[in-house]
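Asks: Enclosed is the structure file query_29.cif (mmCIF, C-alpha atoms).
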data_final
#
loop_
_atom_site.label_atom_id
_atom_site.label_comp_id
_atom_site.auth_asym_id
_atom_site.auth_seq_id
_atom_site.Cartn_x
_atom_site.Cartn_y
_atom_site.Cartn_z
CA MET U 1 0.00 0.00 0.00
CA ASP U 2 1.40 3.39 -0.93
CA THR U 3 1.86 6.12 1.65
CA ASN U 4 -0.91 8.37 0.33
CA ARG U 5 -3.47 5.61 0.44
CA ALA U 6 -2.34 4.45 3.88
CA GLU U 7 -2.72 7.99 5.21
CA ALA U 8 -6.10 8.35 3.53
CA ASP U 9 -7.28 5.07 5.05
CA ALA U 10 -6.10 6.09 8.52
CA GLY U 11 -7.88 9.42 8.13
CA ILE U 12 -11.15 7.88 7.06
CA ASP U 13 -11.05 5.39 9.94
CA ALA U 14 -10.83 8.27 12.42
CA LEU U 15 -13.57 10.05 10.53
CA ALA U 16 -15.77 6.97 10.77
CA VAL U 17 -15.59 7.10 14.58
CA ARG U 18 -16.67 10.76 14.59
CA PHE U 19 -19.47 9.97 12.16
CA ARG U 20 -20.71 7.08 14.27
CA ASP U 21 -20.58 9.33 17.37
CA GLY U 22 -22.85 11.93 15.76
CA ASP U 23 -20.46 14.71 14.76
CA ALA U 24 -22.49 16.42 12.02
CA GLU U 25 -19.43 18.11 10.51
CA SER U 26 -17.99 14.66 9.83
CA VAL U 27 -20.69 14.24 7.17
CA ARG U 28 -19.21 17.12 5.20
CA GLU U 29 -15.71 15.61 5.46
CA LEU U 30 -17.04 12.20 4.51
CA TYR U 31 -18.76 13.69 1.49
CA ARG U 32 -15.56 15.44 0.40
CA LEU U 33 -13.64 12.17 0.71
CA THR U 34 -16.17 9.82 -0.83
CA GLY U 35 -18.81 11.95 -2.54
CA ARG U 36 -17.38 11.60 -6.03
CA ALA U 37 -17.00 7.85 -5.67
CA ALA U 38 -20.57 7.67 -4.41
CA TYR U 39 -21.68 9.78 -7.34
CA ALA U 40 -19.79 7.52 -9.77
CA VAL U 41 -21.68 4.50 -8.42
CA ALA U 42 -25.04 6.26 -8.59
CA TYR U 43 -24.33 7.56 -12.08
CA ARG U 44 -23.22 4.13 -13.25
CA VAL U 45 -26.48 2.63 -12.01
CA LEU U 46 -28.78 5.45 -13.12
CA GLY U 47 -26.99 7.07 -16.07
CA ASN U 48 -28.51 10.43 -15.22
CA LYS U 49 -26.92 13.32 -13.34
CA VAL U 50 -30.00 14.59 -11.55
CA MET U 51 -31.11 11.15 -10.42
CA ALA U 52 -27.56 10.30 -9.35
CA GLU U 53 -27.43 13.42 -7.20
CA ASP U 54 -30.80 12.52 -5.73
CA ALA U 55 -29.54 9.04 -4.85
CA VAL U 56 -26.33 10.34 -3.27
CA GLN U 57 -28.26 12.90 -1.21
CA GLN U 58 -30.64 10.21 0.00
CA ALA U 59 -27.77 7.86 0.73
CA PHE U 60 -25.84 10.30 2.90
CA LEU U 61 -28.95 11.18 4.89
CA SER U 62 -29.78 7.51 5.26
CA ALA U 63 -26.22 6.77 6.42
CA TRP U 64 -26.43 9.62 8.93
CA ARG U 65 -29.69 8.27 10.32
CA SER U 66 -28.19 4.77 10.59
CA ARG U 67 -24.83 5.88 11.97
CA GLU U 68 -25.24 3.98 15.23
CA TYR U 69 -25.04 0.75 13.22
CA LEU U 70 -21.70 1.65 11.66
CA ASP U 71 -18.82 -0.44 12.93
CA PRO U 72 -15.78 1.78 12.28
CA THR U 73 -13.44 -1.19 12.60
CA ARG U 74 -15.02 -2.75 9.50
CA GLY U 75 -14.51 0.34 7.36
CA ILE U 76 -16.93 3.05 6.44
CA ARG U 77 -16.33 2.84 2.66
CA LEU U 78 -17.99 -0.50 2.09
CA TRP U 79 -20.80 0.40 4.47
CA LEU U 80 -21.47 3.67 2.69
CA PHE U 81 -21.10 2.02 -0.71
CA ALA U 82 -23.84 -0.47 0.16
CA ILE U 83 -26.14 2.37 1.20
CA VAL U 84 -25.39 4.35 -1.96
CA LYS U 85 -26.03 1.33 -4.13
CA ARG U 86 -29.35 0.63 -2.44
CA ALA U 87 -30.34 4.29 -2.74
CA ALA U 88 -29.52 4.22 -6.45
CA LEU U 89 -31.61 1.08 -6.88
CA ASP U 90 -34.49 2.74 -5.04
CA VAL U 91 -34.31 5.76 -7.36
CA HIS U 92 -34.11 3.43 -10.36
CA ARG U 93 -37.28 1.61 -9.30
CA ARG U 94 -39.08 4.86 -8.50
CA GLU U 95 -38.23 6.26 -11.92
CA GLN U 96 -39.30 3.06 -13.62
CA LEU U 97 -42.60 3.30 -11.80
CA ARG U 98 -43.02 6.91 -12.88
CA ALA U 99 -42.15 6.02 -16.46
CA HIS U 100 -44.79 3.31 -16.57
CA GLY U 101 -47.54 5.49 -15.17
CA SER U 102 -49.15 2.96 -12.89
CA VAL U 103 -48.07 0.49 -10.31
CA GLU U 104 -49.94 -2.35 -11.97
CA ASP U 105 -48.19 -1.84 -15.29
CA ALA U 106 -44.84 -1.29 -13.64
CA SER U 107 -44.97 -4.46 -11.55
CA ALA U 108 -44.74 -6.58 -14.66
CA HIS U 109 -41.80 -4.66 -16.09
CA PRO U 110 -38.46 -6.51 -15.99
CA ALA U 111 -36.54 -3.35 -15.09
CA LEU U 112 -38.28 -3.33 -11.73
CA VAL U 113 -37.50 -6.88 -10.80
CA HIS U 114 -33.97 -7.08 -12.22
CA ASP U 115 -31.00 -4.94 -11.33
CA PRO U 116 -30.01 -2.24 -13.84
CA PRO U 117 -27.02 -3.10 -16.06
CA GLY U 118 -24.45 -0.85 -14.35
CA ILE U 119 -24.83 -2.52 -10.97
CA GLU U 120 -22.38 -5.37 -11.52
CA GLN U 121 -19.21 -3.31 -11.44
CA ALA U 122 -20.46 -0.72 -8.98
CA TRP U 123 -17.78 -1.41 -6.36
CA GLU U 124 -15.06 -1.26 -9.01
CA ALA U 125 -16.51 2.08 -10.12
CA TRP U 126 -16.23 3.36 -6.55
CA ARG U 127 -12.61 2.28 -6.07
CA VAL U 128 -11.42 3.36 -9.50
CA ARG U 129 -12.99 6.78 -8.92
CA GLU U 130 -11.18 7.01 -5.59
CA ALA U 131 -7.91 6.13 -7.30
CA VAL U 132 -8.55 8.74 -9.98
CA GLN U 133 -9.39 11.38 -7.39
CA ARG U 134 -6.11 10.73 -5.59
CA LEU U 135 -4.17 11.77 -8.69
CA PRO U 136 -2.86 15.34 -8.89
CA ALA U 137 -5.14 17.48 -11.06
CA ASP U 138 -2.76 17.66 -14.05
CA GLU U 139 -2.28 13.88 -14.07
CA ARG U 140 -6.00 13.29 -13.66
CA GLU U 141 -6.74 15.46 -16.67
CA LEU U 142 -4.19 13.58 -18.72
CA VAL U 143 -5.73 10.23 -17.80
CA ARG U 144 -9.17 11.58 -18.68
CA LEU U 145 -7.99 12.78 -22.07
CA GLN U 146 -6.25 9.50 -22.83
CA HIS U 147 -8.83 6.99 -21.61
CA PHE U 148 -12.19 8.78 -21.76
CA VAL U 149 -11.69 11.22 -24.63
CA GLY U 150 -9.37 8.81 -26.46
CA LEU U 151 -6.60 11.21 -27.45
CA THR U 152 -3.06 10.10 -28.32
CA HIS U 153 -0.06 11.51 -26.48
CA ASN U 154 0.62 13.86 -29.40
CA GLU U 155 -2.95 15.12 -29.37
CA ILE U 156 -2.82 15.60 -25.61
CA ALA U 157 0.43 17.59 -25.94
CA GLU U 158 -1.21 19.80 -28.52
CA LYS U 159 -4.38 20.26 -26.50
CA LEU U 160 -2.56 21.05 -23.27
CA ASN U 161 0.11 23.05 -25.08
CA VAL U 162 2.97 21.16 -23.40
CA PRO U 163 5.93 19.26 -24.89
CA ILE U 164 5.36 15.61 -25.79
CA GLY U 165 8.07 14.65 -23.31
CA THR U 166 6.05 16.26 -20.53
CA VAL U 167 2.98 14.29 -21.55
CA LYS U 168 4.93 11.02 -21.53
CA SER U 169 6.53 11.61 -18.14
CA ARG U 170 3.23 12.82 -16.65
CA SER U 171 1.47 9.80 -18.14
CA HIS U 172 4.06 7.46 -16.64
CA ARG U 173 3.68 8.99 -13.16
CA ALA U 174 -0.12 8.96 -13.35
CA HIS U 175 -0.36 5.38 -14.51
CA HIS U 176 2.20 4.24 -11.98
CA ARG U 177 0.02 5.66 -9.20
CA LEU U 178 -3.07 4.10 -10.76
CA ALA U 179 -1.32 0.75 -11.16
CA ALA U 180 -0.53 0.60 -7.46
CA ASP U 181 -4.12 1.48 -6.53
CA LEU U 182 -5.73 -0.83 -9.06
CA ARG U 183 -3.46 -3.71 -8.06
CA ALA U 184 -4.63 -3.28 -4.48
CA LEU U 185 -8.23 -3.14 -5.70
CA LYS U 186 -7.80 -6.25 -7.80
CA ASP U 187 -6.33 -8.06 -4.78
CA VAL U 188 -9.40 -7.06 -2.75
CA THR U 189 -11.98 -7.99 -5.35
CA THR U 190 -10.58 -11.38 -6.33
CA MET A 1 11.45 -2.67 -13.34
CA THR A 2 8.81 -3.46 -10.71
CA ASP A 3 5.47 -5.16 -11.29
CA ASP A 4 3.76 -1.80 -10.82
CA ASP A 5 6.06 -0.25 -13.45
CA LEU A 6 5.02 -2.92 -15.91
CA LEU A 7 1.39 -2.65 -14.99
CA ALA A 8 1.61 1.12 -15.44
CA GLU A 9 2.95 0.52 -18.94
CA TYR A 10 0.08 -1.85 -19.63
CA ILE A 11 -2.62 0.50 -18.33
CA GLY A 12 -1.16 3.62 -19.89
CA ALA A 13 0.06 2.11 -23.18
CA ALA A 14 -0.35 4.57 -26.03
CA THR A 15 -0.53 1.82 -28.66
CA GLU A 16 -1.69 -1.79 -28.91
CA GLU A 17 1.91 -2.88 -29.52
CA GLU A 18 3.06 -1.29 -26.27
CA ARG A 19 0.14 -2.88 -24.43
CA ASP A 20 0.88 -6.35 -25.85
CA ALA A 21 4.55 -6.04 -24.97
CA ALA A 22 3.71 -5.07 -21.39
CA ALA A 23 1.19 -7.92 -21.15
CA ARG A 24 3.85 -10.44 -22.25
CA GLU A 25 6.32 -9.20 -19.64
CA LEU A 26 3.63 -9.33 -16.95
CA ALA A 27 2.80 -12.88 -18.03
CA ASP A 28 6.48 -13.83 -17.61
CA ARG A 29 6.09 -12.74 -13.98
CA GLY A 30 2.93 -14.77 -13.52
CA ILE A 31 0.58 -11.77 -13.71
CA ASP A 32 -2.37 -11.99 -16.08
CA ALA A 33 -2.83 -8.46 -17.42
CA ALA A 34 -6.36 -9.31 -18.55
CA ASP A 35 -7.36 -9.42 -14.88
CA PHE A 36 -7.04 -5.63 -14.87
CA ASP A 37 -9.04 -4.98 -18.01
CA VAL A 38 -12.29 -4.44 -16.12
CA LEU A 39 -10.62 -1.82 -13.97
CA VAL A 40 -8.91 -0.18 -16.92
CA GLY A 41 -12.22 -0.28 -18.76
CA ALA A 42 -13.76 1.68 -15.90
CA LEU A 43 -11.46 4.57 -16.83
CA ARG A 44 -13.34 4.84 -20.10
CA ASP A 45 -16.67 4.98 -18.31
CA GLU A 46 -18.33 8.38 -18.12
CA ALA A 47 -19.21 7.66 -14.48
CA GLN A 48 -15.54 8.17 -13.60
CA TRP A 49 -15.48 11.67 -14.97
CA VAL A 50 -18.87 13.26 -14.31
CA GLU A 51 -18.94 15.75 -11.47
CA PRO A 52 -21.81 16.15 -9.01
CA GLY A 53 -23.39 19.60 -8.78
CA ALA A 54 -21.48 22.08 -6.65
CA ASP A 55 -24.48 22.45 -4.35
CA LEU A 56 -24.85 18.76 -3.54
CA GLU A 57 -22.63 19.03 -0.47
CA ASP A 58 -24.75 21.93 0.86
CA ARG A 59 -27.95 20.02 0.18
CA ILE A 60 -26.69 17.03 2.12
CA MET A 61 -25.54 19.20 5.01
CA ALA A 62 -28.88 21.01 5.04
CA ASP A 63 -30.60 17.63 5.39
CA VAL A 64 -28.29 16.62 8.22
CA PHE A 65 -28.64 19.88 10.13
CA ALA A 66 -32.41 19.95 9.59
CA GLU A 67 -32.61 16.49 11.08
CA ALA A 68 -30.46 17.52 14.04
CA ASP A 69 -32.63 20.64 14.58
CA ALA A 70 -35.79 18.58 14.39
CA LEU A 71 -34.48 16.28 17.10
CA ARG A 72 -33.44 19.19 19.31
CA THR A 73 -36.75 21.01 19.06
CA ALA A 74 -38.94 17.94 19.28
CA SER A 75 -41.25 18.49 22.27
CA PRO A 76 -44.91 18.02 23.16
CA VAL A 77 -47.34 20.10 21.13
CA VAL A 78 -48.46 22.02 24.22
CA ASP A 79 -44.96 23.53 24.58
CA ARG A 80 -45.10 24.98 21.10
CA ALA A 81 -48.43 26.69 21.65
CA GLY A 82 -48.09 30.45 21.94
CA PRO A 83 -49.78 32.53 24.62
CA SER A 84 -53.46 33.11 24.25
CA PRO A 85 -54.37 36.40 22.55
CA VAL A 86 -57.06 36.82 25.23
CA VAL A 87 -54.35 37.35 27.86
CA ASP A 88 -52.65 40.00 25.76
CA LEU A 89 -55.88 41.94 25.35
CA ALA A 90 -56.46 42.14 29.08
CA GLY A 91 -53.47 44.30 29.92
CA PRO A 92 -54.07 47.18 32.42
CA SER A 93 -54.11 50.81 31.29
CA PRO A 94 -53.85 53.95 33.47
CA VAL A 95 -56.01 56.07 31.12
CA VAL A 96 -59.55 54.94 30.37
CA ASP A 97 -61.37 56.70 27.53
CA LEU A 98 -64.41 55.70 25.50
CA ALA A 99 -62.45 53.98 22.83
CA GLU A 100 -60.58 51.98 25.39
CA ARG A 101 -63.79 51.09 27.22
CA ARG A 102 -65.20 49.83 23.98
CA ALA A 103 -62.03 47.86 23.38
CA ARG A 104 -62.22 46.37 26.85
CA ARG A 105 -65.87 45.52 26.41
CA GLU A 106 -65.05 43.77 23.16
CA ALA A 107 -62.22 42.00 24.88
CA ARG A 108 -64.54 40.78 27.65
CA THR A 109 -67.00 39.59 25.03
CA PHE A 110 -64.16 37.84 23.23
CA ARG A 111 -62.99 36.25 26.49
CA ARG A 112 -66.51 35.07 27.23
CA PHE A 113 -67.12 33.45 23.87
CA ALA A 114 -63.64 32.57 22.70
CA PRO A 115 -63.41 29.32 24.68
CA LYS A 116 -66.74 28.21 23.25
CA VAL A 117 -65.66 29.10 19.73
CA VAL A 118 -62.35 27.38 20.21
CA GLY A 119 -64.13 24.36 21.66
CA VAL A 120 -66.49 24.10 18.73
CA ALA A 121 -63.59 24.57 16.27
CA ALA A 122 -61.55 21.91 18.06
CA ALA A 123 -64.47 19.50 17.99
CA VAL A 124 -64.91 20.09 14.27
CA ALA A 125 -61.16 19.65 13.68
CA ILE A 126 -61.05 16.44 15.73
CA GLY A 127 -64.08 15.17 13.88
CA MET A 128 -62.45 15.88 10.53
CA LEU A 129 -59.21 14.26 11.69
CA LEU A 130 -61.00 11.14 12.88
CA GLY A 131 -62.86 11.06 9.61
CA ARG A 132 -59.61 11.22 7.72
CA VAL A 133 -58.03 8.53 9.86
CA ARG A 134 -61.02 6.27 9.29
CA GLN A 135 -60.96 7.05 5.60
CA SER A 136 -57.24 6.32 5.41
CA GLU A 137 -57.76 3.07 7.32
CA ARG A 138 -60.33 2.06 4.76
CA ARG A 139 -57.95 2.82 1.94
CA PHE A 140 -55.43 0.16 2.92
CA ASP A 141 -55.72 -2.43 0.20
CA THR A 142 -53.37 -5.00 1.71
CA GLN A 143 -52.99 -6.10 5.32
CA VAL A 144 -50.88 -8.93 6.55
CA ALA A 145 -49.45 -10.27 9.80
CA LEU A 146 -45.84 -11.39 9.71
CA ALA A 147 -44.87 -14.27 11.97
CA ALA A 148 -41.58 -15.03 13.65
CA THR A 149 -38.96 -17.48 12.45
CA PRO A 150 -36.31 -19.24 14.56
CA LEU A 151 -33.93 -16.36 13.80
CA ALA A 152 -36.11 -13.93 15.78
CA PRO A 153 -38.56 -16.14 17.69
CA GLU A 154 -40.13 -13.34 19.74
CA ALA A 155 -40.75 -11.01 16.82
CA SER A 156 -43.99 -10.26 15.04
CA ALA A 157 -45.22 -7.54 12.72
CA THR A 158 -48.28 -6.16 11.06
CA VAL A 159 -48.18 -4.66 7.60
CA LYS A 160 -50.67 -2.34 5.95
CA ALA A 161 -50.20 -1.16 2.39
CA ARG A 162 -52.03 1.07 0.02
CA THR A 163 -51.33 2.42 -3.43
CA GLU A 164 -50.64 6.12 -3.68
CA ALA A 165 -49.50 8.35 -6.52
CA ALA A 166 -45.83 7.94 -5.54
CA GLY A 167 -45.99 4.14 -5.27
CA VAL A 168 -47.14 1.62 -2.70
CA ARG A 169 -46.93 2.93 0.85
CA ILE A 170 -46.20 0.10 3.26
CA GLU A 171 -46.58 0.68 6.98
CA LEU A 172 -44.77 -2.02 8.90
CA SER A 173 -45.08 -2.25 12.68
CA ALA A 174 -42.56 -4.70 14.07
CA HIS A 175 -42.75 -5.83 17.68
CA ASP A 176 -39.95 -7.43 19.68
CA LEU A 177 -37.67 -7.39 16.68
CA PRO A 178 -34.14 -7.02 18.06
CA ASP A 179 -31.86 -4.37 16.58
CA PRO A 180 -29.80 -5.82 13.75
CA PRO A 181 -26.17 -6.58 14.63
CA PRO A 182 -23.64 -3.87 13.70
CA GLY A 183 -22.95 -3.86 9.98
CA SER A 184 -26.34 -5.24 9.03
CA ILE A 185 -29.87 -4.04 8.36
CA TYR A 186 -33.30 -5.48 7.79
CA GLU A 187 -34.74 -5.66 4.29
CA ALA A 188 -38.33 -6.37 3.32
CA TRP A 189 -39.20 -8.44 0.25
CA VAL A 190 -42.24 -9.65 -1.63
CA SER A 191 -42.21 -12.83 -3.64
CA ASP A 192 -44.44 -14.70 -6.07
CA GLY A 193 -42.67 -17.98 -5.47
CA THR A 194 -40.14 -17.51 -8.25
CA THR A 195 -39.19 -13.84 -8.14
CA ARG A 196 -38.23 -11.96 -5.00
CA VAL A 197 -38.39 -8.16 -5.10
CA PRO A 198 -36.90 -5.88 -2.41
CA ILE A 199 -39.29 -3.22 -1.12
CA GLY A 200 -37.13 -1.35 1.33
CA THR A 201 -34.67 -1.44 4.18
CA PHE A 202 -34.81 -0.39 7.82
CA SER A 203 -32.48 -0.51 10.75
CA LYS A 204 -34.76 -0.68 13.77
CA GLY A 205 -37.94 -2.41 14.84
CA GLY A 206 -41.07 -0.43 15.63
CA ASP A 207 -43.03 1.55 13.07
CA VAL A 208 -41.42 2.09 9.69
CA VAL A 209 -42.79 3.26 6.38
CA LEU A 210 -41.45 1.63 3.22
CA TRP A 211 -42.19 2.44 -0.38
CA SER A 212 -42.48 -0.14 -3.09
CA GLY A 213 -42.26 0.47 -6.80
CA VAL A 214 -44.23 -2.70 -7.51
CA ALA A 215 -47.86 -3.57 -6.78
CA LEU A 216 -48.25 -6.13 -4.03
CA ALA A 217 -51.29 -7.81 -5.56
CA ARG A 218 -49.28 -10.13 -7.76
CA TYR A 219 -47.08 -11.37 -4.91
CA SER A 220 -47.99 -14.08 -2.47
CA THR A 221 -45.55 -13.70 0.42
CA MET A 222 -43.74 -10.97 2.29
CA THR A 223 -40.55 -11.57 4.23
CA VAL A 224 -38.07 -9.56 6.24
CA THR A 225 -34.46 -10.66 6.11
CA LEU A 226 -31.32 -9.71 7.96
CA GLU A 227 -28.83 -8.34 5.43
CA PRO A 228 -25.12 -7.61 5.88
CA LEU A 229 -24.03 -4.22 4.51
CA ASP A 230 -21.60 -5.87 2.13
CA GLY A 231 -22.64 -4.36 -1.18
CA ASP A 232 -24.40 -7.53 -2.28
CA ALA A 233 -27.95 -6.65 -3.34
CA SER A 234 -29.20 -10.23 -3.29
CA SER A 235 -31.01 -11.67 -0.28
CA SER A 236 -29.00 -13.30 2.48
CA GLY A 237 -31.83 -15.77 2.99
CA LYS A 238 -31.85 -15.04 6.73
CA VAL A 239 -35.60 -14.60 7.13
CA VAL A 240 -36.67 -13.13 10.47
CA LEU A 241 -40.37 -12.48 9.64
CA ARG A 242 -42.66 -14.09 7.13
CA GLY A 243 -46.30 -13.69 6.10
CA THR A 244 -48.79 -14.51 3.37
CA LEU A 245 -50.17 -11.58 1.45
CA ALA A 246 -53.92 -11.44 1.42
CA LYS A 247 -56.42 -8.72 0.69
CA PRO A 248 -58.58 -7.67 3.65
#
What is this file in structure tokens?

Replies:
Amino acid sequence: MDTNRAEADAGIDALAVRFRDGDAESVRELYRLTGRAAYAVAYRVLGNKVMAEDAVQQAFLSAWRSREYLDPTRGIRLWLFAIVKRAALDVHRREQLRAHGSVEDASAHPALVHDPPGIEQAWEAWRVREAVQRLPADERELVRLQHFVGLTHNEIAEKLNVPIGTVKSRSHRAHHRLAADLRALKDVTT
Amino acid sequence: MTDDDLLAEYIGAATEEERDAAARELADRGIDAADFDVLVGALRDEAQWVEPGADLEDRIMADVFAEADALRTASPVVDRAGPSPVVDLAGPSPVVDLAERRARREARTFRRFAPKVVGVAAAVAIGMLLGRVRQSERRFDTQVALAATPLAPEASATVKARTEAAGVRIELSAHDLPDPPPGSIYEAWVSDGTTRVPIGTFSKGGDVVLWSGVALARYSTMTVTLEPLDGDASSSGKVVLRGTLAKP
């Protein structure tokens, strides 16, 4: 485990204790640490920004209301992830119901009795988003341009107006950090 | 070169040739690069790059503080009632003129009749409330008693459900249901014998309101299970309450 991640994990463990003990400000800190990962999960399940925000908002309030059941020694990430995922599924079902106009019609619809397609890799989405968020901003942007936008190193150099050598070295650093995080994730998920 | 160096080359390869070369070197070290493809694929997913609205944090905190305020100010209704306007009208005055006499006379009249008016209004309000309660009781289209299982032998519950515009409102009153162990919650389900559909979660016995996106009429049983908060959406199978759905 790299130093940054170890420090982050130690920090979130202490935060979990404050959260469990009812420190309302800990919710803000928890959101800043995990909010984007939570949003990534909700967006992956729902595919809609407004609904994903709705699910994350519901999930954090639900977690706050259930804080006495949090066991900080077991980690707050997985606990919160489960709540976010359930909130996203609840929003999914609610929207399906709304789309079908009536409960009777909706009850026969497969989307209401089967999980939405994005649910399978939801935990991976959470951890990859956390790994991405740990990158410095310039490296994160490079990774976004390469993997999501699909630009080559030359195109990235041109877009960012930096030498190709800078792109390559930045890319190496960014992917080295990601490799360490993703290796840890792969070890956890297999 | 470390394993992470090689993996970084694999993940960040600018060309297929570079990726294949890195995969071969990883294979020589007993690492199957394909194991990481799902994670690398996630980097191409829009979910990794969308940003929540800037106000989401404030909305969440507003919810949290509103809940904390609600708990702090929760008190019997009588404490929230303001002073009677009758008392305010009866204040003494050193100067008595005609206008004030008239005001005092009106105040006395008000004091005399106000309790009766308030009483009549209260009776009407209570009557309307009772009427609504009775009406709402009638509108429940599903009622069921849930019985204990060996996992929670003392527990029982009653369930009333009715269809509303937002979905099916399910009022579950659980008695003697122990708190779930840390790291777990209760989840309610309906089933038609082949398909089991979750209808909501809760973390304490007593009265809870759940909302279902599916009509209950086509399902034959309702169960409550104990679920670990492990990210797995499927049922644990640990049924603590069970009942047969039947229309009243």

Asks: Find the residues of chain U in contact range of chain A, meaning any atom within 6 Å when counting all atoms listed in the file, and list them as a PyMOL selection string.

Replies: chain U and resi 40+43-44+57+69-71+79+82+93-94+97+103-104+107+113+129+147-148+175-176+179-180

Asks: Evaluating the PyMOL selection byres ((chain U and resi 54) around 12) on the displayed file yields which residues, as an mmCIF file with C-alpha atoms, in the frame of the given file?

Replies:
data_model
loop_
_atom_site.group_PDB
_atom_site.id
_atom_site.type_symbol
_atom_site.label_atom_id
_atom_site.label_comp_id
_atom_site.auth_asym_id
_atom_site.auth_seq_id
_atom_site.Cartn_x
_atom_site.Cartn_y
_atom_site.Cartn_z
ATOM 1 C CA ALA U 38 -20.570 7.670 -4.410
ATOM 2 C CA TYR U 39 -21.680 9.780 -7.340
ATOM 3 C CA ALA U 42 -25.040 6.260 -8.590
ATOM 4 C CA TYR U 43 -24.330 7.560 -12.080
ATOM 5 C CA LEU U 46 -28.780 5.450 -13.120
ATOM 6 C CA ASN U 48 -28.510 10.430 -15.220
ATOM 7 C CA LYS U 49 -26.920 13.320 -13.340
ATOM 8 C CA VAL U 50 -30.000 14.590 -11.550
ATOM 9 C CA MET U 51 -31.110 11.150 -10.420
ATOM 10 C CA ALA U 52 -27.560 10.300 -9.350
ATOM 11 C CA GLU U 53 -27.430 13.420 -7.200
ATOM 12 C CA ALA U 55 -29.540 9.040 -4.850
ATOM 13 C CA VAL U 56 -26.330 10.340 -3.270
ATOM 14 C CA GLN U 57 -28.260 12.900 -1.210
ATOM 15 C CA GLN U 58 -30.640 10.210 0.000
ATOM 16 C CA ALA U 59 -27.770 7.860 0.730
ATOM 17 C CA PHE U 60 -25.840 10.300 2.900
ATOM 18 C CA LEU U 61 -28.950 11.180 4.890
ATOM 19 C CA VAL U 84 -25.390 4.350 -1.960
ATOM 20 C CA ALA U 87 -30.340 4.290 -2.740
ATOM 21 C CA ALA U 88 -29.520 4.220 -6.450
ATOM 22 C CA LEU U 89 -31.610 1.080 -6.880
ATOM 23 C CA ASP U 90 -34.490 2.740 -5.040
ATOM 24 C CA VAL U 91 -34.310 5.760 -7.360
ATOM 25 C CA HIS U 92 -34.110 3.430 -10.360
ATOM 26 C CA ARG U 94 -39.080 4.860 -8.500
ATOM 27 C CA GLU U 95 -38.230 6.260 -11.920
ATOM 28 C CA PRO A 52 -21.810 16.150 -9.010
ATOM 29 C CA GLY A 53 -23.390 19.600 -8.780
ATOM 30 C CA ASP A 55 -24.480 22.450 -4.350
ATOM 31 C CA LEU A 56 -24.850 18.760 -3.540
ATOM 32 C CA GLU A 57 -22.630 19.030 -0.470
ATOM 33 C CA ARG A 59 -27.950 20.020 0.180
ATOM 34 C CA ILE A 60 -26.690 17.030 2.120
#

Asks: For Val208 (chain A), which of A:Arg242, A:Lys160, A:Arg24, A:Arg19 is the closest residue, counting all atoms listed in the file?

Replies: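 Selected residue with least distance to Val208 (chain A): A:Lys160.
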
Asks: Please evaluate the PyMOL selection byres ((chain U and resi 26) around 12) against the displayed coordinates and give the resulting residues as a PyMOL selection string.

Replies: (chain U and resi 11-25+27-34+60+63-64+67) or (chain A and resi 60-61+64-65)

Asks: Go through A:Asp37, A:Leu151, A:Leu210, A:Ala161 one by one, measure the shortest atom-to-atom distance of each to Arg183 (chain U) using only C-alpha atoms, and give the residue with the smallest value.

Replies: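 Under the stated criterion, the closest residue is A:Asp37.
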
Asks: So what do you get for CA of Val143 (chain U) versus CA of Arg170 (chain U), distance-wise?

Replies: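 According to the coordinates, CA of Val143 (chain U) and CA of Arg170 (chain U) are separated by 9.4 Å.
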
Asks: Do you have the CA of Pro136 (chain U)-CA of Leu151 (chain U) distance handy?

Replies: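 These atoms are spaced 19.4 Å apart.
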
Asks: If you measure from CA of Ser191 (chain A) to CA of Val239 (chain A), what distance in Å do you get, rounded to one decimal?

Replies: 12.8 Å
